Amino acid sequence: MKLGIVGSGMIVKDFLKMFNELNGIELLGISARNEENLKNLCVQYPIERYYLSYEEMLENKDIDTIYVAVPNDLHFIMSKKALLAGKNVICEKPFTTNLKEALELKEIAEKEDLFLLEAIPNRFFPNTYLLKEKVKELGNIRVINFNFSQYSSRYDRFKKGDIAPAFDPNHSGGSLMDLGVYNINLIMELFGKPENVDYYPNIERGIDTSGVLVMDYGYMKAVCVAAKDCQAPLSSTIQGDEGYIVMRSPSSQITEFQMAFNKQEEVTYNENGPHNRMYYEFVELKKIIETNDKEKMAALLQDTLDVMEVLTEARKKAGVIFPAD
């Protein structure tokens with residue numbers, strides 16, 4: 001894979017710190033607006049060159065795949081430009097602002113015969129695959145409760161009127177799009193689409209700084225808490241009539257989990273290796289592209305579209321509206 005990166009923020013730096021764990025990826029370019037930042041990244045990491053113009057980077061015929069890691073509201077346009085330039089796309093979560101944008105990207109990718117994939121790590125952990133097997137042992141699942149509450153250092157700035165993209169409705173920010181998406185992705189990875197969804201946000205300066213999402217599966221109910229304005233012990237539980245599973249780590253990481261049958265002691269499970277949390281997703285996404293596995297891409301893309309449908313419906317019902325809507 002010959003990769004170009006658009007963006008130079010925190011998630012890009014996390015990716016670059018992990019890059020030496022990967023094999024078979026060449027970093028041919030990176031594009032962003034801050035030239036000093038780009039220069040430093042090219043010194044620190046094996047990036048061939050930087051571009052202040054995204055369009056110029058897209059003209060590089062040696063680049064075959066673009067990793068889109070910019071603020072949420074730009075995911076759609078940056079991915080669209082890449083696809084129209086003949087590049088495969090790996091786009092950070094949340095995939096787009098809404099379902100309509102995601103469907104348009106899918107249509108372009110199919111027309112251009114290109115790969116279009118979402119980068120969200122908790123789909124690809126070994127512990128995620130193990131969870132899929134272990135939940136089958138819990139009997140009838142009744143209640144799911146995921147809490148991803150993480151007080152943001154940017155929230156202090158936000159209260160003073162200094163609005164970072166993660167808190168800006170103009171950048172499709174907010175707690176649901178930033179943290180809640182991890183809860184939703186993992187639950188839907190395990191149990192599929194819900195029958196109904198409702199969102200109860202705490203709104204401040206026009207954005208959801210925290211909120212509670214309820215997913216109704218008929219036979220079970222899932223409650224997802226995501227908060228950037230307060231914190232609590234990180235905990236996710238899956239409760240069946242024969243036992244439970246608890247994860248005491250963010251739903252974005254799943255470092256390990258405990259399982260217990262009724263009236264029995266907890267047993268700890270962990271099949272994740274020592275790798276960075278982004279390692280497994282990029283190994284899998286790279287493999288899909290290099291082996292031309294369109295069937296696997298289609299399945300993952302459908303998962304993405306299902307999540308985008310839930311996110312879009314939840315926001316619409318709660319009145320959390322973005323310019324792209």
# chains A, B, ... in the order shown; residues from 1 in each chain; ligands from 1

$ residues_around --residues "stretch 26-38 of chain A" --least-positions-apart "3" --cutoff "6 Å" --atoms "only C-alpha atoms" --output "list in words"
Lys2, Leu3, Gly4, Ile5, Val6, Gly7, Leu41, Ile47, Glu48, Arg49, Tyr50, Tyr51, Leu52 and Tyr54 of chain A

$ write_last_selection --atoms "all heavy atoms" --output "tab-separated table (two decimals), in the first residue's frame"
chain	number	residue	atom	x	y	z
A	2	LYS	N	0.56	2.15	-0.91
A	2	LYS	CA	1.28	3.42	-0.99
A	2	LYS	C	0.32	4.52	-0.55
A	2	LYS	O	-0.59	4.90	-1.27
A	2	LYS	CB	1.80	3.64	-2.41
A	2	LYS	CG	2.82	2.56	-2.81
A	2	LYS	CD	3.37	2.77	-4.20
A	2	LYS	CE	4.41	1.69	-4.52
A	2	LYS	NZ	4.99	1.85	-5.87
A	3	LEU	N	0.59	5.03	0.65
A	3	LEU	CA	-0.40	5.82	1.38
A	3	LEU	C	-0.12	7.31	1.35
A	3	LEU	O	1.02	7.75	1.48
A	3	LEU	CB	-0.42	5.34	2.83
A	3	LEU	CG	-1.56	5.80	3.74
A	3	LEU	CD1	-2.88	5.21	3.26
A	3	LEU	CD2	-1.29	5.37	5.18
A	4	GLY	N	-1.21	8.07	1.21
A	4	GLY	CA	-1.19	9.50	1.44
A	4	GLY	C	-2.13	9.81	2.60
A	4	GLY	O	-3.19	9.20	2.71
A	5	ILE	N	-1.73	10.72	3.46
A	5	ILE	CA	-2.53	11.08	4.64
A	5	ILE	C	-3.02	12.51	4.50
A	5	ILE	O	-2.24	13.40	4.17
A	5	ILE	CB	-1.69	10.95	5.93
A	5	ILE	CG1	-1.15	9.54	6.10
A	5	ILE	CG2	-2.52	11.37	7.15
A	5	ILE	CD1	-0.13	9.41	7.24
A	6	VAL	N	-4.29	12.74	4.78
A	6	VAL	CA	-4.79	14.10	4.86
A	6	VAL	C	-5.20	14.35	6.31
A	6	VAL	O	-6.02	13.64	6.87
A	6	VAL	CB	-5.95	14.38	3.87
A	6	VAL	CG1	-7.13	13.44	4.06
A	6	VAL	CG2	-6.38	15.84	3.97
A	7	GLY	N	-4.56	15.36	6.91
A	7	GLY	CA	-4.75	15.66	8.31
A	7	GLY	C	-3.42	15.54	9.05
A	7	GLY	O	-2.52	14.82	8.61
A	41	LEU	N	6.65	16.48	11.22
A	41	LEU	CA	6.22	15.10	11.05
A	41	LEU	C	7.09	14.36	10.02
A	41	LEU	O	7.41	13.19	10.20
A	41	LEU	CB	4.74	15.05	10.62
A	41	LEU	CG	3.72	15.47	11.68
A	41	LEU	CD1	2.33	15.48	11.09
A	41	LEU	CD2	3.77	14.54	12.89
A	47	ILE	N	8.02	9.85	6.05
A	47	ILE	CA	7.06	10.37	5.07
A	47	ILE	C	7.85	11.02	3.93
A	47	ILE	O	8.69	11.90	4.18
A	47	ILE	CB	6.11	11.41	5.71
A	47	ILE	CG1	5.43	10.80	6.95
A	47	ILE	CG2	5.07	11.88	4.70
A	47	ILE	CD1	4.64	11.81	7.77
A	48	GLU	N	7.58	10.62	2.71
A	48	GLU	CA	8.39	11.05	1.57
A	48	GLU	C	8.33	12.56	1.37
A	48	GLU	O	9.36	13.20	1.14
A	48	GLU	CB	7.92	10.34	0.31
A	48	GLU	CG	8.81	10.55	-0.89
A	48	GLU	CD	8.46	9.65	-2.05
A	48	GLU	OE1	8.71	8.43	-1.95
A	48	GLU	OE2	7.91	10.17	-3.06
A	49	ARG	N	7.14	13.14	1.44
A	49	ARG	CA	7.04	14.60	1.29
A	49	ARG	C	5.70	15.08	1.83
A	49	ARG	O	4.78	14.30	2.06
A	49	ARG	CB	7.19	15.02	-0.17
A	49	ARG	CG	6.13	14.49	-1.12
A	49	ARG	CD	6.17	15.20	-2.47
A	49	ARG	NE	5.79	16.60	-2.36
A	49	ARG	CZ	5.55	17.40	-3.42
A	49	ARG	NH1	5.70	16.92	-4.65
A	49	ARG	NH2	5.20	18.65	-3.23
A	50	TYR	N	5.61	16.40	2.04
A	50	TYR	CA	4.35	16.99	2.50
A	50	TYR	C	3.78	17.91	1.42
A	50	TYR	O	4.49	18.40	0.54
A	50	TYR	CB	4.53	17.74	3.82
A	50	TYR	CG	5.33	19.01	3.75
A	50	TYR	CD1	4.74	20.22	3.36
A	50	TYR	CD2	6.68	19.03	4.11
A	50	TYR	CE1	5.47	21.40	3.32
A	50	TYR	CE2	7.42	20.20	4.07
A	50	TYR	CZ	6.81	21.38	3.67
A	50	TYR	OH	7.54	22.54	3.62
A	51	TYR	N	2.48	18.12	1.52
A	51	TYR	CA	1.75	18.95	0.57
A	51	TYR	C	0.87	19.94	1.34
A	51	TYR	O	0.11	19.54	2.24
A	51	TYR	CB	0.83	18.12	-0.32
A	51	TYR	CG	1.51	17.09	-1.18
A	51	TYR	CD1	1.88	15.84	-0.66
A	51	TYR	CD2	1.76	17.33	-2.53
A	51	TYR	CE1	2.48	14.88	-1.45
A	51	TYR	CE2	2.36	16.37	-3.33
A	51	TYR	CZ	2.71	15.15	-2.79
A	51	TYR	OH	3.31	14.19	-3.57
A	52	LEU	N	0.94	21.20	0.98
A	52	LEU	CA	-0.01	22.18	1.52
A	52	LEU	C	-1.30	22.17	0.72
A	52	LEU	O	-2.33	22.67	1.19
A	52	LEU	CB	0.61	23.57	1.51
A	52	LEU	CG	1.80	23.76	2.46
A	52	LEU	CD1	2.41	25.16	2.30
A	52	LEU	CD2	1.40	23.53	3.91
A	54	TYR	N	-4.05	19.67	-0.89
A	54	TYR	CA	-4.57	18.31	-0.95
A	54	TYR	C	-4.72	17.85	-2.39
A	54	TYR	O	-4.39	16.70	-2.74
A	54	TYR	CB	-5.92	18.26	-0.23
A	54	TYR	CG	-6.59	16.91	-0.19
A	54	TYR	CD1	-5.89	15.77	0.20
A	54	TYR	CD2	-7.94	16.78	-0.53
A	54	TYR	CE1	-6.52	14.53	0.25
A	54	TYR	CE2	-8.57	15.55	-0.48
A	54	TYR	CZ	-7.87	14.42	-0.09
A	54	TYR	OH	-8.49	13.20	-0.05

$ residues_around --residues "stretch 173-177 of chain A" --least-positions-apart "4" --cutoff "9 Å" --atoms "only C-alpha atoms" --output "PDB file with N, CA, C and O atoms, in the first residue's frame"
ATOM      1  N   PRO A  71     -11.110  16.846  10.665  1.00  0.00           N
ATOM      2  CA  PRO A  71     -12.350  17.025  11.445  1.00  0.00           C
ATOM      3  C   PRO A  71     -13.556  16.382  10.752  1.00  0.00           C
ATOM      4  O   PRO A  71     -13.614  16.266   9.519  1.00  0.00           O
ATOM      5  N   ASN A  72     -14.526  15.974  11.565  1.00  0.00           N
ATOM      6  CA  ASN A  72     -15.647  15.164  11.089  1.00  0.00           C
ATOM      7  C   ASN A  72     -16.357  15.723   9.866  1.00  0.00           C
ATOM      8  O   ASN A  72     -16.724  14.982   8.948  1.00  0.00           O
ATOM      9  N   ASP A  73     -16.573  17.025   9.845  1.00  0.00           N
ATOM     10  CA  ASP A  73     -17.345  17.615   8.756  1.00  0.00           C
ATOM     11  C   ASP A  73     -16.631  17.535   7.415  1.00  0.00           C
ATOM     12  O   ASP A  73     -17.267  17.669   6.360  1.00  0.00           O
ATOM     13  N   LYS A  93     -13.422   7.317  11.753  1.00  0.00           N
ATOM     14  CA  LYS A  93     -14.770   7.441  12.324  1.00  0.00           C
ATOM     15  C   LYS A  93     -14.980   8.864  12.830  1.00  0.00           C
ATOM     16  O   LYS A  93     -13.985   9.548  13.162  1.00  0.00           O
ATOM     17  N   PRO A  94     -16.207   9.358  12.956  1.00  0.00           N
ATOM     18  CA  PRO A  94     -17.391   8.808  12.323  1.00  0.00           C
ATOM     19  C   PRO A  94     -17.270   8.968  10.811  1.00  0.00           C
ATOM     20  O   PRO A  94     -16.748   9.980  10.331  1.00  0.00           O
ATOM     21  N   THR A  97     -20.878  12.815   8.207  1.00  0.00           N
ATOM     22  CA  THR A  97     -21.790  13.517   9.114  1.00  0.00           C
ATOM     23  C   THR A  97     -23.133  12.808   9.191  1.00  0.00           C
ATOM     24  O   THR A  97     -23.745  12.746  10.251  1.00  0.00           O
ATOM     25  N   ALA A 164     -13.244  24.079  20.145  1.00  0.00           N
ATOM     26  CA  ALA A 164     -12.470  23.144  19.334  1.00  0.00           C
ATOM     27  C   ALA A 164     -13.421  22.383  18.410  1.00  0.00           C
ATOM     28  O   ALA A 164     -14.624  22.279  18.686  1.00  0.00           O
ATOM     29  N   PRO A 165     -12.925  21.830  17.295  1.00  0.00           N
ATOM     30  CA  PRO A 165     -13.798  21.084  16.368  1.00  0.00           C
ATOM     31  C   PRO A 165     -14.625  19.986  17.029  1.00  0.00           C
ATOM     32  O   PRO A 165     -15.771  19.756  16.639  1.00  0.00           O
ATOM     33  N   ALA A 166     -14.078  19.332  18.039  1.00  0.00           N
ATOM     34  CA  ALA A 166     -14.799  18.240  18.706  1.00  0.00           C
ATOM     35  C   ALA A 166     -16.044  18.730  19.439  1.00  0.00           C
ATOM     36  O   ALA A 166     -16.922  17.930  19.779  1.00  0.00           O
ATOM     37  N   PHE A 167     -16.137  20.047  19.686  1.00  0.00           N
ATOM     38  CA  PHE A 167     -17.308  20.634  20.345  1.00  0.00           C
ATOM     39  C   PHE A 167     -18.072  21.591  19.428  1.00  0.00           C
ATOM     40  O   PHE A 167     -18.935  22.322  19.887  1.00  0.00           O
ATOM     41  N   ASP A 168     -17.781  21.565  18.165  1.00  0.00           N
ATOM     42  CA  ASP A 168     -18.332  22.547  17.239  1.00  0.00           C
ATOM     43  C   ASP A 168     -19.371  21.906  16.325  1.00  0.00           C
ATOM     44  O   ASP A 168     -19.039  20.997  15.553  1.00  0.00           O
ATOM     45  N   PRO A 169     -20.637  22.350  16.383  1.00  0.00           N
ATOM     46  CA  PRO A 169     -21.635  21.788  15.467  1.00  0.00           C
ATOM     47  C   PRO A 169     -21.286  22.026  14.004  1.00  0.00           C
ATOM     48  O   PRO A 169     -21.669  21.237  13.131  1.00  0.00           O
ATOM     49  N   VAL A 181     -20.036   6.929  19.187  1.00  0.00           N
ATOM     50  CA  VAL A 181     -19.899   6.083  17.998  1.00  0.00           C
ATOM     51  C   VAL A 181     -19.181   4.776  18.318  1.00  0.00           C
ATOM     52  O   VAL A 181     -19.463   3.737  17.710  1.00  0.00           O
ATOM     53  N   TYR A 182     -18.256   4.791  19.279  1.00  0.00           N
ATOM     54  CA  TYR A 182     -17.566   3.554  19.674  1.00  0.00           C
ATOM     55  C   TYR A 182     -18.541   2.582  20.339  1.00  0.00           C
ATOM     56  O   TYR A 182     -18.525   1.377  20.058  1.00  0.00           O
ATOM     57  N   PRO A 201     -29.781  14.024  24.717  1.00  0.00           N
ATOM     58  CA  PRO A 201     -28.510  14.745  24.888  1.00  0.00           C
ATOM     59  C   PRO A 201     -28.601  15.875  25.904  1.00  0.00           C
ATOM     60  O   PRO A 201     -29.676  16.446  26.142  1.00  0.00           O
ATOM     61  N   ILE A 207     -24.428  22.090  21.066  1.00  0.00           N
ATOM     62  CA  ILE A 207     -23.803  20.790  20.817  1.00  0.00           C
ATOM     63  C   ILE A 207     -24.055  19.862  21.996  1.00  0.00           C
ATOM     64  O   ILE A 207     -24.222  20.316  23.133  1.00  0.00           O
ATOM     65  N   ASP A 208     -24.086  18.558  21.733  1.00  0.00           N
ATOM     66  CA  ASP A 208     -24.267  17.586  22.810  1.00  0.00           C
ATOM     67  C   ASP A 208     -22.929  17.323  23.489  1.00  0.00           C
ATOM     68  O   ASP A 208     -22.064  16.665  22.936  1.00  0.00           O
ATOM     69  N   THR A 209     -22.763  17.851  24.686  1.00  0.00           N
ATOM     70  CA  THR A 209     -21.530  17.627  25.446  1.00  0.00           C
ATOM     71  C   THR A 209     -21.566  16.283  26.172  1.00  0.00           C
ATOM     72  O   THR A 209     -20.534  15.762  26.591  1.00  0.00           O
ATOM     73  N   SER A 210     -22.769  15.727  26.321  1.00  0.00           N
ATOM     74  CA  SER A 210     -22.958  14.381  26.856  1.00  0.00           C
ATOM     75  C   SER A 210     -24.365  13.943  26.472  1.00  0.00           C
ATOM     76  O   SER A 210     -25.175  14.749  26.006  1.00  0.00           O
ATOM     77  N   GLY A 211     -24.631  12.661  26.675  1.00  0.00           N
ATOM     78  CA  GLY A 211     -25.960  12.184  26.333  1.00  0.00           C
ATOM     79  C   GLY A 211     -26.120  10.690  26.555  1.00  0.00           C
ATOM     80  O   GLY A 211     -25.154   9.966  26.760  1.00  0.00           O
ATOM     81  N   VAL A 212     -27.381  10.262  26.507  1.00  0.00           N
ATOM     82  CA  VAL A 212     -27.732   8.860  26.683  1.00  0.00           C
ATOM     83  C   VAL A 212     -28.490   8.388  25.439  1.00  0.00           C
ATOM     84  O   VAL A 212     -29.505   8.968  25.065  1.00  0.00           O
ATOM     85  N   LEU A 213     -27.986   7.345  24.818  1.00  0.00           N
ATOM     86  CA  LEU A 213     -28.615   6.745  23.648  1.00  0.00           C
ATOM     87  C   LEU A 213     -29.234   5.413  24.066  1.00  0.00           C
ATOM     88  O   LEU A 213     -28.582   4.612  24.740  1.00  0.00           O
ATOM     89  N   VAL A 225     -24.016   5.524  27.211  1.00  0.00           N
ATOM     90  CA  VAL A 225     -23.680   6.841  27.762  1.00  0.00           C
ATOM     91  C   VAL A 225     -22.370   7.310  27.139  1.00  0.00           C
ATOM     92  O   VAL A 225     -21.393   6.549  27.100  1.00  0.00           O
ATOM     93  N   ALA A 226     -22.350   8.538  26.650  1.00  0.00           N
ATOM     94  CA  ALA A 226     -21.118   9.151  26.148  1.00  0.00           C
ATOM     95  C   ALA A 226     -21.053  10.568  26.700  1.00  0.00           C
ATOM     96  O   ALA A 226     -22.014  11.331  26.582  1.00  0.00           O
ATOM     97  N   ALA A 227     -19.922  10.912  27.314  1.00  0.00           N
ATOM     98  CA  ALA A 227     -19.810  12.228  27.947  1.00  0.00           C
ATOM     99  C   ALA A 227     -18.418  12.788  27.777  1.00  0.00           C
ATOM    100  O   ALA A 227     -17.423  12.091  27.969  1.00  0.00           O
ATOM    101  N   LYS A 228     -18.364  14.083  27.415  1.00  0.00           N
ATOM    102  CA  LYS A 228     -17.110  14.816  27.333  1.00  0.00           C
ATOM    103  C   LYS A 228     -17.066  15.930  28.380  1.00  0.00           C
ATOM    104  O   LYS A 228     -16.067  16.634  28.487  1.00  0.00           O
ATOM    105  N   ASP A 229     -18.172  16.099  29.128  1.00  0.00           N
ATOM    106  CA  ASP A 229     -18.277  17.169  30.121  1.00  0.00           C
ATOM    107  C   ASP A 229     -18.230  16.661  31.557  1.00  0.00           C
ATOM    108  O   ASP A 229     -18.403  17.422  32.509  1.00  0.00           O
ATOM    109  N   LEU A 311     -26.808   6.738  13.915  1.00  0.00           N
ATOM    110  CA  LEU A 311     -26.329   8.059  14.336  1.00  0.00           C
ATOM    111  C   LEU A 311     -27.214   9.169  13.779  1.00  0.00           C
ATOM    112  O   LEU A 311     -27.571  10.116  14.495  1.00  0.00           O
ATOM    113  N   ARG A 315     -29.622  11.632  16.139  1.00  0.00           N
ATOM    114  CA  ARG A 315     -29.453  13.095  16.166  1.00  0.00           C
ATOM    115  C   ARG A 315     -30.719  13.808  15.715  1.00  0.00           C
ATOM    116  O   ARG A 315     -31.121  14.829  16.297  1.00  0.00           O
ATOM    117  N   PHE A 322     -26.627  19.439  12.147  1.00  0.00           N
ATOM    118  CA  PHE A 322     -25.385  20.012  11.642  1.00  0.00           C
ATOM    119  C   PHE A 322     -25.629  20.651  10.280  1.00  0.00           C
ATOM    120  O   PHE A 322     -26.575  20.290   9.576  1.00  0.00           O
TER     121      PHE A 322
END

$ closest_residue --among "A:Lys39, A:Arg142, A:Arg154, A:Lys136" --to "A:Gly218" --atoms "only C-alpha atoms"
A:Arg142

$ residues_around --residues "stretch 230-238 of chain A" --least-positions-apart "6" --cutoff "10 Å" --atoms "only C-alpha atoms" --output "number ranges by chain"
A: 135, 138, 141-152, 155, 183, 187, 209-210, 222-224, 244-251, 254, 257-259

$ write_last_selection --atoms "N, CA and C atoms" --output "CSV table (one decimal), in the first residue's frame"
chain,number,residue,atom,x,y,z
A,135,VAL,N,-20.5,-14.0,24.1
A,135,VAL,CA,-21.9,-13.5,24.4
A,135,VAL,C,-22.9,-14.6,24.1
A,138,LEU,N,-24.1,-16.5,27.3
A,138,LEU,CA,-24.8,-15.8,28.3
A,138,LEU,C,-26.3,-16.1,28.4
A,141,ILE,N,-29.8,-12.5,26.1
A,141,ILE,CA,-29.3,-11.1,26.5
A,141,ILE,C,-30.5,-10.2,26.8
A,142,ARG,N,-30.4,-9.6,27.9
A,142,ARG,CA,-31.5,-8.7,28.4
A,142,ARG,C,-31.2,-7.3,28.4
A,143,VAL,N,-30.0,-6.9,29.0
A,143,VAL,CA,-29.6,-5.5,29.2
A,143,VAL,C,-28.2,-5.3,28.8
A,144,ILE,N,-27.9,-4.2,28.1
A,144,ILE,CA,-26.5,-3.8,27.8
A,144,ILE,C,-26.4,-2.4,28.3
A,145,ASN,N,-25.3,-2.1,29.0
A,145,ASN,CA,-25.0,-0.8,29.5
A,145,ASN,C,-23.6,-0.4,29.2
A,146,PHE,N,-23.3,0.5,28.3
A,146,PHE,CA,-22.0,1.0,27.9
A,146,PHE,C,-21.8,2.4,28.4
A,147,ASN,N,-20.8,2.7,29.1
A,147,ASN,CA,-20.5,4.1,29.6
A,147,ASN,C,-19.1,4.5,29.2
A,148,PHE,N,-19.0,5.4,28.2
A,148,PHE,CA,-17.7,6.0,27.8
A,148,PHE,C,-17.8,7.5,28.1
A,149,SER,N,-17.4,7.8,29.4
A,149,SER,CA,-17.4,9.1,29.9
A,149,SER,C,-16.0,9.6,30.1
A,150,GLN,N,-15.6,10.6,29.5
A,150,GLN,CA,-14.1,11.0,29.5
A,150,GLN,C,-14.1,12.5,29.5
A,151,TYR,N,-13.8,13.1,30.6
A,151,TYR,CA,-13.8,14.6,30.7
A,151,TYR,C,-12.7,15.1,29.8
A,152,SER,N,-13.1,16.0,28.9
A,152,SER,CA,-12.2,16.5,27.9
A,152,SER,C,-11.5,17.8,28.3
A,155,TYR,N,-13.0,20.8,27.0
A,155,TYR,CA,-14.3,21.3,27.6
A,155,TYR,C,-14.1,22.5,28.4
A,183,ASN,N,-19.4,3.1,21.2
A,183,ASN,CA,-20.4,2.3,21.9
A,183,ASN,C,-21.3,1.6,20.8
A,187,ILE,N,-21.7,-2.5,19.9
A,187,ILE,CA,-22.9,-3.2,20.2
A,187,ILE,C,-23.5,-3.7,18.9
A,209,THR,N,-22.8,17.9,24.7
A,209,THR,CA,-21.5,17.6,25.4
A,209,THR,C,-21.6,16.3,26.2
A,210,SER,N,-22.8,15.7,26.3
A,210,SER,CA,-23.0,14.4,26.9
A,210,SER,C,-24.4,13.9,26.5
A,222,ALA,N,-30.4,-1.7,25.1
A,222,ALA,CA,-29.0,-1.2,25.2
A,222,ALA,C,-29.0,0.3,25.5
A,223,VAL,N,-28.3,0.6,26.6
A,223,VAL,CA,-28.1,2.0,27.0
A,223,VAL,C,-26.7,2.4,26.8
A,224,CYS,N,-26.5,3.5,26.1
A,224,CYS,CA,-25.1,3.9,25.7
A,224,CYS,C,-24.9,5.4,26.3
A,244,TYR,N,-22.9,-12.7,32.8
A,244,TYR,CA,-22.7,-11.3,32.3
A,244,TYR,C,-21.2,-11.2,31.8
A,245,ILE,N,-21.0,-10.2,31.0
A,245,ILE,CA,-19.6,-9.8,30.6
A,245,ILE,C,-19.4,-8.3,31.0
A,246,VAL,N,-18.3,-8.0,31.5
A,246,VAL,CA,-18.0,-6.6,31.9
A,246,VAL,C,-16.6,-6.2,31.3
A,247,MET,N,-16.6,-5.1,30.7
A,247,MET,CA,-15.3,-4.5,30.2
A,247,MET,C,-15.0,-3.2,31.0
A,248,ARG,N,-13.9,-3.2,31.6
A,248,ARG,CA,-13.5,-2.0,32.5
A,248,ARG,C,-12.5,-1.2,31.8
A,249,SER,N,-12.7,-1.0,30.5
A,249,SER,CA,-11.9,-0.1,29.7
A,249,SER,C,-12.8,0.6,28.7
A,250,PRO,N,-12.3,1.6,27.9
A,250,PRO,CA,-13.1,2.2,27.0
A,250,PRO,C,-13.6,1.3,25.9
A,251,SER,N,-14.8,1.5,25.4
A,251,SER,CA,-15.3,0.6,24.3
A,251,SER,C,-14.5,0.8,23.0
A,254,ILE,N,-11.1,-2.1,24.5
A,254,ILE,CA,-11.4,-3.4,25.0
A,254,ILE,C,-10.1,-4.1,25.3
A,257,PHE,N,-11.6,-8.3,29.1
A,257,PHE,CA,-13.0,-8.4,29.7
A,257,PHE,C,-13.1,-9.5,30.6
A,258,GLN,N,-14.1,-9.4,31.5
A,258,GLN,CA,-14.4,-10.4,32.5
A,258,GLN,C,-15.7,-11.0,32.2
A,259,MET,N,-15.9,-12.3,32.5
A,259,MET,CA,-17.1,-13.0,32.2
A,259,MET,C,-17.4,-13.9,33.4

$ closest_residue --among "A:Ala82, A:Val89, A:Val70, A:Leu179" --to "A:Leu117" --atoms "only C-alpha atoms"
A:Val89

$ select_by_dssp --residues "stretch 12-192 of chain A" --states "strand (DSSP E)" --output "MDAnalysis selection string"
chainID A and resid 26:31 50:51 65:68 88:92 116:119 141:149

$ residues_around --residues "A:Phe282" --least-positions-apart "2" --cutoff "10 Å" --atoms "only C-alpha atoms" --output "NGL selection string"
:A and (15 or 19 or 22 or 25 or 90 or 119-121 or 124 or 277-280 or 284-288)

$ select_by_dssp --residues "stretch 33-269 of chain A" --states "helix (DSSP H, G or I)" --output "number ranges by chain"
A: 35-44, 54-58, 72-84, 99-112, 121-123, 126-138, 153-159, 165-167, 169-171, 175-191

$ residues_around --residues "A:Leu190" --least-positions-apart "4" --cutoff "8 Å" --atoms "only C-alpha atoms" --output "VMD selection string"
chain A and resid 131 to 132 186

$ write_last_selection --atoms "all heavy atoms" --output "PDB file, in the first residue's frame"
ATOM      1  N   LEU A 131     -15.309 -11.747  21.976  1.00  0.00           N
ATOM      2  CA  LEU A 131     -16.584 -11.317  22.561  1.00  0.00           C
ATOM      3  C   LEU A 131     -17.779 -11.890  21.788  1.00  0.00           C
ATOM      4  O   LEU A 131     -18.784 -12.310  22.382  1.00  0.00           O
ATOM      5  CB  LEU A 131     -16.679  -9.792  22.548  1.00  0.00           C
ATOM      6  CG  LEU A 131     -16.211  -9.017  23.769  1.00  0.00           C
ATOM      7  CD1 LEU A 131     -16.228  -7.527  23.482  1.00  0.00           C
ATOM      8  CD2 LEU A 131     -17.068  -9.333  24.981  1.00  0.00           C
ATOM      9  N   LYS A 132     -17.668 -11.896  20.463  1.00  0.00           N
ATOM     10  CA  LYS A 132     -18.757 -12.417  19.632  1.00  0.00           C
ATOM     11  C   LYS A 132     -19.083 -13.862  19.990  1.00  0.00           C
ATOM     12  O   LYS A 132     -20.247 -14.274  19.938  1.00  0.00           O
ATOM     13  CB  LYS A 132     -18.377 -12.330  18.149  1.00  0.00           C
ATOM     14  CG  LYS A 132     -18.411 -10.943  17.569  1.00  0.00           C
ATOM     15  CD  LYS A 132     -18.096 -10.993  16.073  1.00  0.00           C
ATOM     16  CE  LYS A 132     -18.144  -9.628  15.448  1.00  0.00           C
ATOM     17  NZ  LYS A 132     -17.890  -9.659  13.984  1.00  0.00           N
ATOM     18  N   LEU A 186     -19.596  -1.101  18.599  1.00  0.00           N
ATOM     19  CA  LEU A 186     -19.337  -2.381  19.239  1.00  0.00           C
ATOM     20  C   LEU A 186     -20.632  -3.156  19.476  1.00  0.00           C
ATOM     21  O   LEU A 186     -20.699  -4.365  19.223  1.00  0.00           O
ATOM     22  CB  LEU A 186     -18.588  -2.175  20.557  1.00  0.00           C
ATOM     23  CG  LEU A 186     -18.173  -3.461  21.284  1.00  0.00           C
ATOM     24  CD1 LEU A 186     -17.379  -4.390  20.366  1.00  0.00           C
ATOM     25  CD2 LEU A 186     -17.370  -3.131  22.533  1.00  0.00           C
TER      26      LEU A 186
END

$ closest_residue --among "A:Met297, A:Met1, A:Leu116, A:Asn185" --to "A:Gly24" --atoms "only C-alpha atoms"
A:Met1

$ closest_residue --among "A:Lys316, A:Lys87, A:Glu101, A:Gln253" --to "A:Gly273" --atoms "only C-alpha atoms"
A:Gln253

$ closest_residue --among "A:Leu114, A:Val197, A:Ala314, A:Leu130" --to "A:Gly86" --atoms "only C-alpha atoms"
A:Leu114

$ residues_around --residues "A:Lys17" --least-positions-apart "4" --cutoff "9 Å" --atoms "only C-alpha atoms" --output "PyMOL selection string"
chain A and resi 12-13+21+45+276

$ atom_distance --atom1 "atom CA of A:Glu92" --atom2 "atom CA of A:Asn60"
21.7 Å

$ atom_distance --atom1 "atom CA of A:Glu195" --atom2 "atom CA of A:Ala102"
20.9 Å

$ closest_residue --among "A:Met10, A:Val310, A:Ile163, A:Leu83" --to "A:Gly206" --atoms "only C-alpha atoms"
A:Ile163

$ atom_distance --atom1 "atom CA of A:Asn140" --atom2 "atom CA of A:Asp198"
22.9 Å
